[in-house]
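*Asks:* For reference, this is input_15.cif, and it has mmCIF, C-alpha atoms.
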data_query
#
loop_
_atom_site.group_PDB
_atom_site.id
_atom_site.type_symbol
_atom_site.label_atom_id
_atom_site.label_comp_id
_atom_site.auth_asym_id
_atom_site.auth_seq_id
_atom_site.Cartn_x
_atom_site.Cartn_y
_atom_site.Cartn_z
ATOM 1 C CA MET M 1 3.042 -117.008 179.798
ATOM 2 C CA THR M 2 3.110 -116.180 176.125
ATOM 3 C CA GLN M 3 6.330 -114.293 176.485
ATOM 4 C CA SER M 4 8.045 -117.043 178.445
ATOM 5 C CA ILE M 5 7.164 -119.623 175.816
ATOM 6 C CA ILE M 6 8.453 -117.384 173.068
ATOM 7 C CA THR M 7 11.587 -116.634 175.067
ATOM 8 C CA MET M 8 12.236 -120.336 175.484
ATOM 9 C CA THR M 9 11.685 -120.738 171.792
ATOM 10 C CA ILE M 10 14.293 -118.120 171.078
ATOM 11 C CA HIS M 11 16.672 -119.770 173.492
ATOM 12 C CA PHE M 12 16.366 -123.162 171.867
ATOM 13 C CA GLU M 13 16.574 -121.526 168.509
ATOM 14 C CA LEU M 14 19.970 -120.138 169.473
ATOM 15 C CA GLN M 15 21.131 -123.627 170.385
ATOM 16 C CA VAL M 16 20.112 -124.862 167.004
ATOM 17 C CA LYS M 17 21.967 -121.986 165.350
ATOM 18 C CA CYS M 18 25.106 -122.818 167.324
ATOM 19 C CA ALA M 19 24.719 -126.470 166.416
ATOM 20 C CA HIS M 20 24.624 -125.586 162.771
ATOM 21 C CA THR M 21 27.711 -123.425 163.099
ATOM 22 C CA LEU M 22 29.522 -126.235 164.885
ATOM 23 C CA TYR M 23 28.411 -128.597 162.196
ATOM 24 C CA VAL M 24 29.867 -126.323 159.562
ATOM 25 C CA ARG M 25 33.148 -126.368 161.441
ATOM 26 C CA THR M 26 33.435 -130.067 162.268
ATOM 27 C CA ARG M 27 32.179 -131.735 159.090
ATOM 28 C CA ARG M 28 35.601 -132.620 157.735
ATOM 29 C CA THR M 29 34.999 -135.470 155.323
ATOM 30 C CA THR M 30 32.986 -133.444 152.816
ATOM 31 C CA MET M 31 33.489 -130.035 151.284
ATOM 32 C CA SER M 32 32.502 -126.988 153.302
ATOM 33 C CA PHE M 33 31.548 -123.593 151.973
ATOM 34 C CA SER M 34 35.096 -122.214 152.122
ATOM 35 C CA GLU M 35 36.593 -125.363 150.622
ATOM 36 C CA VAL M 36 34.166 -125.125 147.728
ATOM 37 C CA ALA M 37 35.407 -121.588 147.107
ATOM 38 C CA GLU M 38 39.040 -122.688 147.289
ATOM 39 C CA VAL M 39 38.584 -125.631 144.904
ATOM 40 C CA ALA M 40 36.464 -123.525 142.568
ATOM 41 C CA PHE M 41 39.182 -120.892 142.333
ATOM 42 C CA SER M 42 42.034 -123.359 141.917
ATOM 43 C CA ASN M 43 40.156 -125.101 139.071
ATOM 44 C CA GLY M 44 38.974 -121.901 137.429
ATOM 45 C CA PRO M 45 40.571 -119.724 134.737
ATOM 46 C CA LYS M 46 44.302 -119.104 134.986
ATOM 47 C CA TRP M 47 44.134 -115.522 136.271
ATOM 48 C CA GLY M 48 41.985 -116.575 139.235
ATOM 49 C CA ARG M 49 44.132 -119.434 140.530
ATOM 50 C CA PRO M 50 46.465 -117.395 142.761
ATOM 51 C CA PHE M 51 43.402 -116.147 144.665
ATOM 52 C CA ALA M 52 42.355 -119.650 145.860
ATOM 53 C CA LYS M 53 43.788 -119.350 149.380
ATOM 54 C CA PHE M 54 42.604 -115.767 149.649
ATOM 55 C CA SER M 55 39.038 -116.693 148.677
ATOM 56 C CA LYS M 56 38.941 -119.439 151.298
ATOM 57 C CA ILE M 57 40.059 -117.027 154.004
ATOM 58 C CA LEU M 58 37.636 -114.365 152.740
ATOM 59 C CA ILE M 59 34.692 -116.790 152.955
ATOM 60 C CA LEU M 60 35.707 -117.922 156.441
ATOM 61 C CA VAL M 61 36.064 -114.354 157.708
ATOM 62 C CA SER M 62 32.730 -113.348 156.151
ATOM 63 C CA LEU M 63 30.959 -116.377 157.646
ATOM 64 C CA PHE M 64 32.433 -115.555 161.036
ATOM 65 C CA ALA M 65 31.355 -111.913 160.717
ATOM 66 C CA THR M 66 27.813 -112.937 159.718
ATOM 67 C CA TYR M 67 27.333 -115.422 162.531
ATOM 68 C CA PHE M 68 29.048 -113.200 165.075
ATOM 69 C CA GLY M 69 26.705 -110.365 164.155
ATOM 70 C CA THR M 70 23.515 -112.418 164.105
ATOM 71 C CA CYS M 71 24.346 -114.251 167.338
ATOM 72 C CA SER M 72 24.996 -110.905 169.052
ATOM 73 C CA VAL M 73 21.582 -109.730 167.916
ATOM 74 C CA TYR M 74 20.041 -112.967 169.206
ATOM 75 C CA THR M 75 21.599 -112.422 172.627
ATOM 76 C CA VAL M 76 20.076 -108.950 172.824
ATOM 77 C CA ILE M 77 16.673 -110.296 171.734
ATOM 78 C CA ILE M 78 16.748 -113.081 174.349
ATOM 79 C CA ALA M 79 17.802 -110.634 177.058
ATOM 80 C CA LYS M 80 15.058 -108.140 176.099
ATOM 81 C CA ASN M 81 12.412 -110.851 176.337
ATOM 82 C CA TYR M 82 13.651 -112.086 179.714
ATOM 83 C CA LYS M 83 13.825 -108.477 180.907
ATOM 84 C CA GLN M 84 10.193 -107.932 179.992
ATOM 85 C CA VAL M 85 9.138 -111.018 181.966
ATOM 86 C CA LEU M 86 11.287 -109.968 184.960
ATOM 87 C CA ASP M 87 10.000 -106.385 184.802
ATOM 88 C CA HIS M 88 6.449 -107.659 184.880
ATOM 89 C CA HIS M 89 6.993 -109.880 187.923
ATOM 90 C CA PHE M 90 9.467 -107.893 190.018
ATOM 91 C CA GLY M 91 8.743 -104.279 189.075
ATOM 92 C CA VAL M 92 10.246 -102.001 186.472
ATOM 93 C CA ASP M 93 14.043 -102.054 186.052
ATOM 94 C CA PHE M 94 14.563 -105.026 188.325
ATOM 95 C CA LEU M 95 17.633 -105.891 186.250
ATOM 96 C CA GLU M 96 19.445 -103.751 183.744
ATOM 97 C CA LEU M 97 19.504 -105.059 180.155
ATOM 98 C CA ARG M 98 23.281 -105.410 180.208
ATOM 99 C CA MET M 99 23.080 -107.431 183.425
ATOM 100 C CA CYS M 100 20.597 -109.786 181.716
ATOM 101 C CA ILE M 101 23.008 -110.253 178.823
ATOM 102 C CA ALA M 102 25.890 -110.883 181.231
ATOM 103 C CA ILE M 103 23.884 -113.536 183.092
ATOM 104 C CA LEU M 104 22.922 -115.164 179.783
ATOM 105 C CA LEU M 105 26.628 -115.623 179.087
ATOM 106 C CA ILE M 106 26.816 -118.565 181.523
ATOM 107 C CA PRO M 107 24.199 -120.858 179.884
ATOM 108 C CA LEU M 108 25.389 -119.849 176.427
ATOM 109 C CA ILE M 109 29.009 -120.791 177.156
ATOM 110 C CA LEU M 110 27.832 -124.128 178.596
ATOM 111 C CA LEU M 111 25.827 -124.713 175.402
ATOM 112 C CA ALA M 112 28.797 -123.951 173.204
ATOM 113 C CA TRP M 113 30.672 -126.762 174.968
ATOM 114 C CA VAL M 114 28.327 -129.426 173.572
ATOM 115 C CA PRO M 115 30.653 -131.089 171.061
ATOM 116 C CA ASN M 116 28.300 -133.055 168.842
ATOM 117 C CA LEU M 117 25.185 -132.235 166.873
ATOM 118 C CA LYS M 118 23.750 -135.631 167.844
ATOM 119 C CA TYR M 119 23.372 -134.583 171.515
ATOM 120 C CA LEU M 120 21.430 -131.524 170.429
ATOM 121 C CA ALA M 121 18.976 -133.438 168.216
ATOM 122 C CA PRO M 122 16.300 -134.116 170.895
ATOM 123 C CA VAL M 123 16.632 -130.553 172.177
ATOM 124 C CA SER M 124 16.176 -129.269 168.652
ATOM 125 C CA MET M 125 12.988 -131.328 168.333
ATOM 126 C CA VAL M 126 11.645 -129.680 171.508
ATOM 127 C CA ALA M 127 12.770 -126.350 170.066
ATOM 128 C CA ASN M 128 10.698 -126.993 166.960
ATOM 129 C CA LEU M 129 7.639 -127.690 169.105
ATOM 130 C CA PHE M 130 8.104 -124.498 171.130
ATOM 131 C CA MET M 131 8.764 -122.565 167.956
ATOM 132 C CA GLY M 132 5.476 -123.703 166.412
ATOM 133 C CA LEU M 133 3.641 -123.010 169.673
ATOM 134 C CA GLY M 134 5.164 -119.551 170.056
ATOM 135 C CA LEU M 135 4.406 -118.593 166.464
ATOM 136 C CA GLY M 136 0.875 -119.925 166.828
ATOM 137 C CA ILE M 137 0.258 -117.825 169.955
ATOM 138 C CA THR M 138 1.775 -114.750 168.285
ATOM 139 C CA PHE M 139 -0.496 -115.212 165.277
ATOM 140 C CA TYR M 140 -3.489 -115.646 167.590
ATOM 141 C CA TYR M 141 -2.830 -112.333 169.329
ATOM 142 C CA LEU M 142 -2.218 -110.560 166.015
ATOM 143 C CA VAL M 143 -5.411 -111.799 164.404
ATOM 144 C CA LYS M 144 -7.575 -111.321 167.505
ATOM 145 C CA ASP M 145 -8.221 -107.555 167.202
ATOM 146 C CA LEU M 146 -7.093 -106.979 163.647
ATOM 147 C CA PRO M 147 -8.060 -103.439 162.543
ATOM 148 C CA PRO M 148 -9.250 -102.799 158.976
ATOM 149 C CA ILE M 149 -6.806 -101.332 156.451
ATOM 150 C CA GLU M 150 -7.122 -97.543 156.706
ATOM 151 C CA GLU M 151 -6.190 -94.670 154.442
ATOM 152 C CA SER M 152 -3.337 -93.724 156.738
ATOM 153 C CA THR M 153 -1.683 -97.159 156.590
ATOM 154 C CA VAL M 154 1.608 -97.013 154.694
ATOM 155 C CA MET M 155 1.182 -99.008 151.481
ATOM 156 C CA VAL M 156 4.580 -98.475 149.853
ATOM 157 C CA GLY M 157 7.250 -97.024 152.091
ATOM 158 C CA HIS M 158 9.609 -94.182 151.356
ATOM 159 C CA TYR M 159 12.498 -95.387 149.188
ATOM 160 C CA GLY M 160 14.971 -94.233 151.814
ATOM 161 C CA ASP M 161 13.475 -96.720 154.288
ATOM 162 C CA PHE M 162 13.871 -99.749 152.032
ATOM 163 C CA PRO M 163 17.489 -100.445 153.061
ATOM 164 C CA GLN M 164 16.225 -101.055 156.594
ATOM 165 C CA PHE M 165 13.683 -103.514 155.244
ATOM 166 C CA PHE M 166 16.321 -105.408 153.273
ATOM 167 C CA ALA M 167 18.686 -105.461 156.259
ATOM 168 C CA ILE M 168 16.068 -107.046 158.514
ATOM 169 C CA ALA M 169 14.746 -109.410 155.827
ATOM 170 C CA ILE M 170 18.181 -110.731 154.908
ATOM 171 C CA PHE M 171 19.133 -111.050 158.582
ATOM 172 C CA ALA M 172 15.970 -113.092 159.052
ATOM 173 C CA ILE M 173 16.094 -115.327 155.995
ATOM 174 C CA GLU M 174 19.772 -115.948 155.310
ATOM 175 C CA ALA M 175 20.768 -119.599 155.656
ATOM 176 C CA ILE M 176 23.750 -119.759 153.345
ATOM 177 C CA GLY M 177 25.951 -121.208 156.102
ATOM 178 C CA VAL M 178 23.814 -124.338 156.447
ATOM 179 C CA VAL M 179 23.251 -125.026 152.751
ATOM 180 C CA MET M 180 26.555 -126.848 152.292
ATOM 181 C CA PRO M 181 26.336 -129.134 155.382
ATOM 182 C CA LEU M 182 22.707 -129.935 154.556
ATOM 183 C CA GLU M 183 23.512 -130.852 150.978
ATOM 184 C CA ASN M 184 26.467 -132.924 152.226
ATOM 185 C CA GLN M 185 24.419 -135.064 154.595
ATOM 186 C CA MET M 186 21.517 -135.733 152.197
ATOM 187 C CA LYS M 187 21.019 -139.268 150.903
ATOM 188 C CA THR M 188 19.676 -137.981 147.607
ATOM 189 C CA PRO M 189 21.432 -134.641 146.925
ATOM 190 C CA GLN M 190 19.823 -134.374 143.498
ATOM 191 C CA ASN M 191 16.514 -133.639 145.275
ATOM 192 C CA PHE M 192 17.992 -130.586 146.956
ATOM 193 C CA VAL M 193 17.951 -128.349 143.897
ATOM 194 C CA GLY M 194 15.372 -128.304 141.112
ATOM 195 C CA VAL M 195 12.053 -126.552 140.662
ATOM 196 C CA CYS M 196 10.260 -128.614 143.339
ATOM 197 C CA GLY M 197 13.436 -129.410 145.266
ATOM 198 C CA VAL M 198 13.878 -129.135 148.999
ATOM 199 C CA LEU M 199 15.574 -125.738 148.737
ATOM 200 C CA ASN M 200 12.824 -124.053 146.720
ATOM 201 C CA VAL M 201 9.999 -125.610 148.733
ATOM 202 C CA GLY M 202 11.651 -124.668 152.015
ATOM 203 C CA MET M 203 12.410 -121.101 151.020
ATOM 204 C CA ALA M 204 8.923 -120.608 149.582
ATOM 205 C CA GLY M 205 7.331 -121.841 152.810
ATOM 206 C CA VAL M 206 9.632 -119.714 154.942
ATOM 207 C CA SER M 207 9.018 -116.520 153.000
ATOM 208 C CA LEU M 208 5.274 -117.156 153.101
ATOM 209 C CA VAL M 209 5.349 -117.349 156.915
ATOM 210 C CA TYR M 210 7.551 -114.225 157.032
ATOM 211 C CA ILE M 211 5.227 -112.213 154.804
ATOM 212 C CA LEU M 212 2.196 -113.336 156.804
ATOM 213 C CA LEU M 213 3.701 -112.388 160.173
ATOM 214 C CA GLY M 214 5.165 -109.105 158.928
ATOM 215 C CA PHE M 215 1.931 -108.081 157.231
ATOM 216 C CA LEU M 216 -0.332 -108.966 160.160
ATOM 217 C CA GLY M 217 2.070 -107.531 162.744
ATOM 218 C CA PHE M 218 2.341 -104.169 161.013
ATOM 219 C CA LEU M 219 -1.395 -104.064 160.307
ATOM 220 C CA ARG M 220 -2.160 -104.799 163.953
ATOM 221 C CA TYR M 221 0.244 -102.388 165.680
ATOM 222 C CA GLY M 222 0.852 -99.769 162.972
ATOM 223 C CA ASN M 223 3.292 -97.074 164.000
ATOM 224 C CA PHE M 224 3.655 -98.583 167.482
ATOM 225 C CA THR M 225 5.388 -101.683 166.082
ATOM 226 C CA SER M 226 8.454 -102.317 168.235
ATOM 227 C CA ASP M 227 11.675 -103.946 167.063
ATOM 228 C CA ASN M 228 10.499 -107.285 168.424
ATOM 229 C CA ILE M 229 6.852 -108.209 167.951
ATOM 230 C CA THR M 230 6.715 -110.191 171.227
ATOM 231 C CA LEU M 231 7.327 -106.928 173.113
ATOM 232 C CA ASN M 232 4.089 -105.584 171.590
ATOM 233 C CA LEU M 233 1.947 -108.459 172.807
ATOM 234 C CA PRO M 234 -0.188 -107.746 175.891
ATOM 235 C CA ASN M 235 1.344 -108.706 179.287
ATOM 236 C CA GLU M 236 -1.877 -108.679 181.291
ATOM 237 C CA GLU M 237 -2.421 -112.422 180.976
ATOM 238 C CA LEU M 238 1.042 -113.381 182.245
ATOM 239 C CA MET L 1 3.965 -123.973 160.931
ATOM 240 C CA CYS L 2 3.755 -127.727 161.535
ATOM 241 C CA CYS L 3 0.570 -127.789 159.474
ATOM 242 C CA SER L 4 2.298 -126.025 156.624
ATOM 243 C CA ILE L 5 5.056 -128.668 156.678
ATOM 244 C CA PHE L 6 2.478 -131.446 156.429
ATOM 245 C CA VAL L 7 0.767 -129.671 153.548
ATOM 246 C CA LEU L 8 4.118 -129.354 151.796
ATOM 247 C CA VAL L 9 4.732 -133.073 152.291
ATOM 248 C CA LEU L 10 1.351 -133.934 150.843
ATOM 249 C CA ILE L 11 1.756 -131.657 147.850
ATOM 250 C CA PHE L 12 5.322 -132.442 146.887
ATOM 251 C CA GLN L 13 5.581 -136.099 148.055
ATOM 252 C CA ILE L 14 8.840 -135.455 149.883
ATOM 253 C CA ASP L 15 10.453 -138.623 151.231
ATOM 254 C CA CYS L 16 11.880 -139.084 154.706
ATOM 255 C CA SER L 17 15.480 -138.041 154.191
ATOM 256 C CA ASN L 18 14.382 -134.998 152.226
ATOM 257 C CA MET L 19 11.901 -134.242 154.969
ATOM 258 C CA GLU L 20 14.719 -134.181 157.521
ATOM 259 C CA THR L 21 16.686 -131.792 155.350
ATOM 260 C CA LEU L 22 13.619 -129.619 154.909
ATOM 261 C CA THR L 23 13.159 -129.433 158.676
ATOM 262 C CA HIS L 24 16.791 -128.423 159.133
ATOM 263 C CA LEU L 25 16.439 -125.785 156.429
ATOM 264 C CA LEU L 26 13.277 -124.405 158.011
ATOM 265 C CA LYS L 27 14.965 -124.310 161.407
ATOM 266 C CA ALA L 28 17.957 -122.506 159.967
ATOM 267 C CA SER L 29 16.089 -119.768 158.161
ATOM 268 C CA LEU L 30 12.942 -119.560 160.281
ATOM 269 C CA GLY L 31 14.775 -117.942 163.148
ATOM 270 C CA THR L 32 14.258 -115.190 165.640
ATOM 271 C CA GLY L 33 14.443 -112.696 162.797
ATOM 272 C CA ILE L 34 10.798 -113.439 162.105
ATOM 273 C CA LEU L 35 9.894 -111.451 165.222
ATOM 274 C CA SER L 36 11.369 -108.341 163.626
ATOM 275 C CA MET L 37 9.457 -108.677 160.365
ATOM 276 C CA PRO L 38 6.642 -106.287 161.424
ATOM 277 C CA LEU L 39 9.305 -103.602 161.906
ATOM 278 C CA ALA L 40 10.617 -104.317 158.426
ATOM 279 C CA PHE L 41 7.106 -103.986 157.019
ATOM 280 C CA LYS L 42 6.782 -100.705 158.885
ATOM 281 C CA SER L 43 9.616 -99.234 156.843
ATOM 282 C CA ALA L 44 8.600 -100.798 153.522
ATOM 283 C CA GLY L 45 4.817 -100.504 153.745
ATOM 284 C CA LEU L 46 2.149 -103.212 153.518
ATOM 285 C CA VAL L 47 2.267 -103.861 149.766
ATOM 286 C CA GLY L 48 5.886 -102.825 149.229
ATOM 287 C CA GLY L 49 6.929 -105.229 151.983
ATOM 288 C CA ILE L 50 5.335 -108.215 150.259
ATOM 289 C CA PHE L 51 7.087 -107.521 146.963
ATOM 290 C CA ALA L 52 10.427 -106.707 148.581
ATOM 291 C CA MET L 53 10.223 -109.889 150.659
ATOM 292 C CA VAL L 54 9.608 -111.991 147.553
ATOM 293 C CA ILE L 55 12.621 -110.343 145.891
ATOM 294 C CA THR L 56 14.787 -110.963 148.971
ATOM 295 C CA ALA L 57 13.742 -114.612 149.172
ATOM 296 C CA PHE L 58 14.448 -115.017 145.472
ATOM 297 C CA ILE L 59 17.947 -113.542 145.803
ATOM 298 C CA CYS L 60 18.777 -115.693 148.848
ATOM 299 C CA THR L 61 17.545 -118.864 147.158
ATOM 300 C CA HIS L 62 19.453 -117.965 144.010
ATOM 301 C CA CYS L 63 22.680 -117.569 146.030
ATOM 302 C CA SER L 64 22.232 -120.963 147.709
ATOM 303 C CA TYR L 65 21.468 -122.387 144.285
ATOM 304 C CA ILE L 66 24.717 -121.049 142.829
ATOM 305 C CA LEU L 67 26.682 -122.466 145.758
ATOM 306 C CA VAL L 68 25.180 -125.955 145.373
ATOM 307 C CA SER L 69 25.578 -126.003 141.604
ATOM 308 C CA VAL L 70 29.242 -125.022 141.907
ATOM 309 C CA ARG L 71 29.674 -127.860 144.382
ATOM 310 C CA ILE L 72 27.969 -130.362 142.038
ATOM 311 C CA HIS L 73 30.093 -129.105 139.173
ATOM 312 C CA LEU L 74 33.305 -129.635 141.189
ATOM 313 C CA LYS L 75 32.480 -133.194 142.285
#
Would you mind writing the structure in this file as structure tokens?
*Replies:*
Amino acid sequence: MTQSIITMTIHFELQVKCAHTLYVRTRRTTMSFSEVAEVAFSNGPKWGRPFAKFSKILILVSLFATYFGTCSVYTVIIAKNYKQVLDHHFGVDFLELRMCIAILLIPLILLAWVPNLKYLAPVSMVANLFMGLGLGITFYYLVKDLPPIEESTVMVGHYGDFPQFFAIAIFAIEAIGVVMPLENQMKTPQNFVGVCGVLNVGMAGVSLVYILLGFLGFLRYGNFTSDNITLNLPNEEL
Amino acid sequence: MCCSIFVLVLIFQIDCSNMETLTHLLKASLGTGILSMPLAFKSAGLVGGIFAMVITAFICTHCSYILVSVRIHLK
């Protein structure tokens, strides 16, 4: 049960991600990320002006690479979660992981055909609900049998392992692609930045939730922590 | 998470349009990556993870900040 809810959450989350990407692409009337770069370069110092076109293309290619990479990871995460549910109900290795991903292709392509963010708005509201529910259940299971902090618990990791931390953290927290569209559609853009602006408040809240879940998850499962915390949760109550 | 949003609203008196933007921002950055955070803490350690996460969040926010201020400057 828990896993299915979380899986649905992830699924809806992907829709929202796609919606944002679409939004980035279709919002023509205002400046997008790449256009900002182009205009910035063409209005900058003399030596930088020839690079205006190049910078626009560079930003577009980088954005594509980022979202292509993250969306690929999301597909694998969704498939892994579905696979765990299927394995539990129909026996081990009922479907191969790659088969799960291939089957997921059909709903994902259908989703990508939705042309307008407005049609996704109610779905995204439901996604928010499921997201809160899923996180709540995850927190419940983490806190339930929380062990005390022991001597053997890693306090500060080996410096060679920090790159992995930063890779995962930046993958999780990066939202640079949506900053521009969000700022464009705001009625009062001056409230976006600033010490108590929307951006700071949002990022502070997000990193707080991240730290809480990461801390509790590692404390709870220690060295058995898997790459996806939902795979650690008990399946007996399914 | 919903509770935390309400608390934020109460503390910072965010109006409706800003609230919408905040929800979008939360949705964008509070993604599936959160499920991998325990693994990240495994490689950075309990205390090291907290500090490194704060640094990461600071850098990400700073980048968004630069982008928006460039945009405001160009308007």
*Asks:* When you get a sec, could you note down which chain M residues fall within 6 Å of chain L, using only C-alpha atoms, as a ChimeraX atom specification?
*Replies:* /M:132,154-157,161-162,165,172-173,175-176,198,214,217-218,227-229
*Asks:* Could you write those residues out with C-alpha atoms, as a JSON list (two decimals), in the coordinates of the input?
*Replies:*
[["chain", "number", "residue", "atom", "x", "y", "z"],
["M", 132, "GLY", "CA", 5.48, -123.70, 166.41],
["M", 154, "VAL", "CA", 1.61, -97.01, 154.69],
["M", 155, "MET", "CA", 1.18, -99.01, 151.48],
["M", 156, "VAL", "CA", 4.58, -98.48, 149.85],
["M", 157, "GLY", "CA", 7.25, -97.02, 152.09],
["M", 161, "ASP", "CA", 13.48, -96.72, 154.29],
["M", 162, "PHE", "CA", 13.87, -99.75, 152.03],
["M", 165, "PHE", "CA", 13.68, -103.51, 155.24],
["M", 172, "ALA", "CA", 15.97, -113.09, 159.05],
["M", 173, "ILE", "CA", 16.09, -115.33, 156.00],
["M", 175, "ALA", "CA", 20.77, -119.60, 155.66],
["M", 176, "ILE", "CA", 23.75, -119.76, 153.34],
["M", 198, "VAL", "CA", 13.88, -129.14, 149.00],
["M", 214, "GLY", "CA", 5.16, -109.10, 158.93],
["M", 217, "GLY", "CA", 2.07, -107.53, 162.74],
["M", 218, "PHE", "CA", 2.34, -104.17, 161.01],
["M", 227, "ASP", "CA", 11.68, -103.95, 167.06],
["M", 228, "ASN", "CA", 10.50, -107.28, 168.42],
["M", 229, "ILE", "CA", 6.85, -108.21, 167.95]]
*Asks:* To verify the selection step, state as a ChimeraX atom specification which residues the PyMOL selection byres ((chain M and resi 67-75) around 8) yields on this input.
*Replies:* /M:10,14,63-66,76-79,101,104,171 /L:32
*Asks:* Can those selected residues be exported to a file as an mmCIF file, in the coordinates of the input so that it contains C-alpha atoms?
*Replies:*
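File produced: part_33.cif:
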data_model
loop_
_atom_site.group_PDB
_atom_site.id
_atom_site.type_symbol
_atom_site.label_atom_id
_atom_site.label_comp_id
_atom_site.auth_asym_id
_atom_site.auth_seq_id
_atom_site.Cartn_x
_atom_site.Cartn_y
_atom_site.Cartn_z
ATOM 1 C CA ILE M 10 14.293 -118.120 171.078
ATOM 2 C CA LEU M 14 19.970 -120.138 169.473
ATOM 3 C CA LEU M 63 30.959 -116.377 157.646
ATOM 4 C CA PHE M 64 32.433 -115.555 161.036
ATOM 5 C CA ALA M 65 31.355 -111.913 160.717
ATOM 6 C CA THR M 66 27.813 -112.937 159.718
ATOM 7 C CA VAL M 76 20.076 -108.950 172.824
ATOM 8 C CA ILE M 77 16.673 -110.296 171.734
ATOM 9 C CA ILE M 78 16.748 -113.081 174.349
ATOM 10 C CA ALA M 79 17.802 -110.634 177.058
ATOM 11 C CA ILE M 101 23.008 -110.253 178.823
ATOM 12 C CA LEU M 104 22.922 -115.164 179.783
ATOM 13 C CA PHE M 171 19.133 -111.050 158.582
ATOM 14 C CA THR L 32 14.258 -115.190 165.640
#
*Asks:* At a cut-off of 12 Å, using all atoms listed in the file, what residues contact Val143 of chain M? Leave out same-chain residues fewer than 2 positions from it and give the result as a short mmCIF file (atom, residue, chain, number, x, y, z; two decimals) with C-alpha atoms, keeping the file's coordinate frame.
*Replies:*
data_model
loop_
_atom_site.label_atom_id
_atom_site.label_comp_id
_atom_site.auth_asym_id
_atom_site.auth_seq_id
_atom_site.Cartn_x
_atom_site.Cartn_y
_atom_site.Cartn_z
CA GLY M 136 0.88 -119.92 166.83
CA ILE M 137 0.26 -117.82 169.96
CA THR M 138 1.78 -114.75 168.28
CA PHE M 139 -0.50 -115.21 165.28
CA TYR M 140 -3.49 -115.65 167.59
CA TYR M 141 -2.83 -112.33 169.33
CA ASP M 145 -8.22 -107.56 167.20
CA LEU M 146 -7.09 -106.98 163.65
CA PRO M 147 -8.06 -103.44 162.54
CA PRO M 148 -9.25 -102.80 158.98
CA LEU M 212 2.20 -113.34 156.80
CA LEU M 213 3.70 -112.39 160.17
CA PHE M 215 1.93 -108.08 157.23
CA LEU M 216 -0.33 -108.97 160.16
CA GLY M 217 2.07 -107.53 162.74
CA PHE M 218 2.34 -104.17 161.01
CA LEU M 219 -1.40 -104.06 160.31
CA ARG M 220 -2.16 -104.80 163.95
CA TYR M 221 0.24 -102.39 165.68
CA LEU M 233 1.95 -108.46 172.81
#
*Asks:* Kindly give the distance, in Å, that separates atom CA of Glu174 of chain M and atom CA of Gly202 of chain M, rounded to a single decimal.
*Replies:*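 Interatomic distance, atom CA of Glu174 of chain M to atom CA of Gly202 of chain M: 12.4 Å.
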*Asks:* Grab the atom CA of Met186 of chain M to atom CA of Pro122 of chain M distance for me, in Å with one decimal place.
*Replies:*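 Computing the Euclidean distance for atom CA of Met186 of chain M and atom CA of Pro122 of chain M yields 19.5 Å.
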*Asks:* Interatomic distance between atom CA of Leu208 of chain M and atom CA of Pro189 of chain M?
*Replies:*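 If I compute the distance from atom CA of Leu208 of chain M to atom CA of Pro189 of chain M, I get 24.6 Å.
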*Asks:* Mind giving me the axis-aligned box for segment 21-27 of chain L with 6 Å on every side, centre plus edges in Å to one decimal, as AutoDock Vina command-line options?
*Replies:*
--center_x 15.0 --center_y -128.1 --center_z 158.2 --size_x 15.6 --size_y 19.5 --size_z 18.5
*Asks:* Here is a test: counting all atoms listed in the file, which residue of M:Arg98, M:Gln164, M:Lys56, M:Asn223 is nearest to Ser152 of chain M?
*Replies:*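 Looking at the shortest contact to Ser152 of chain M, the residue is M:Asn223.
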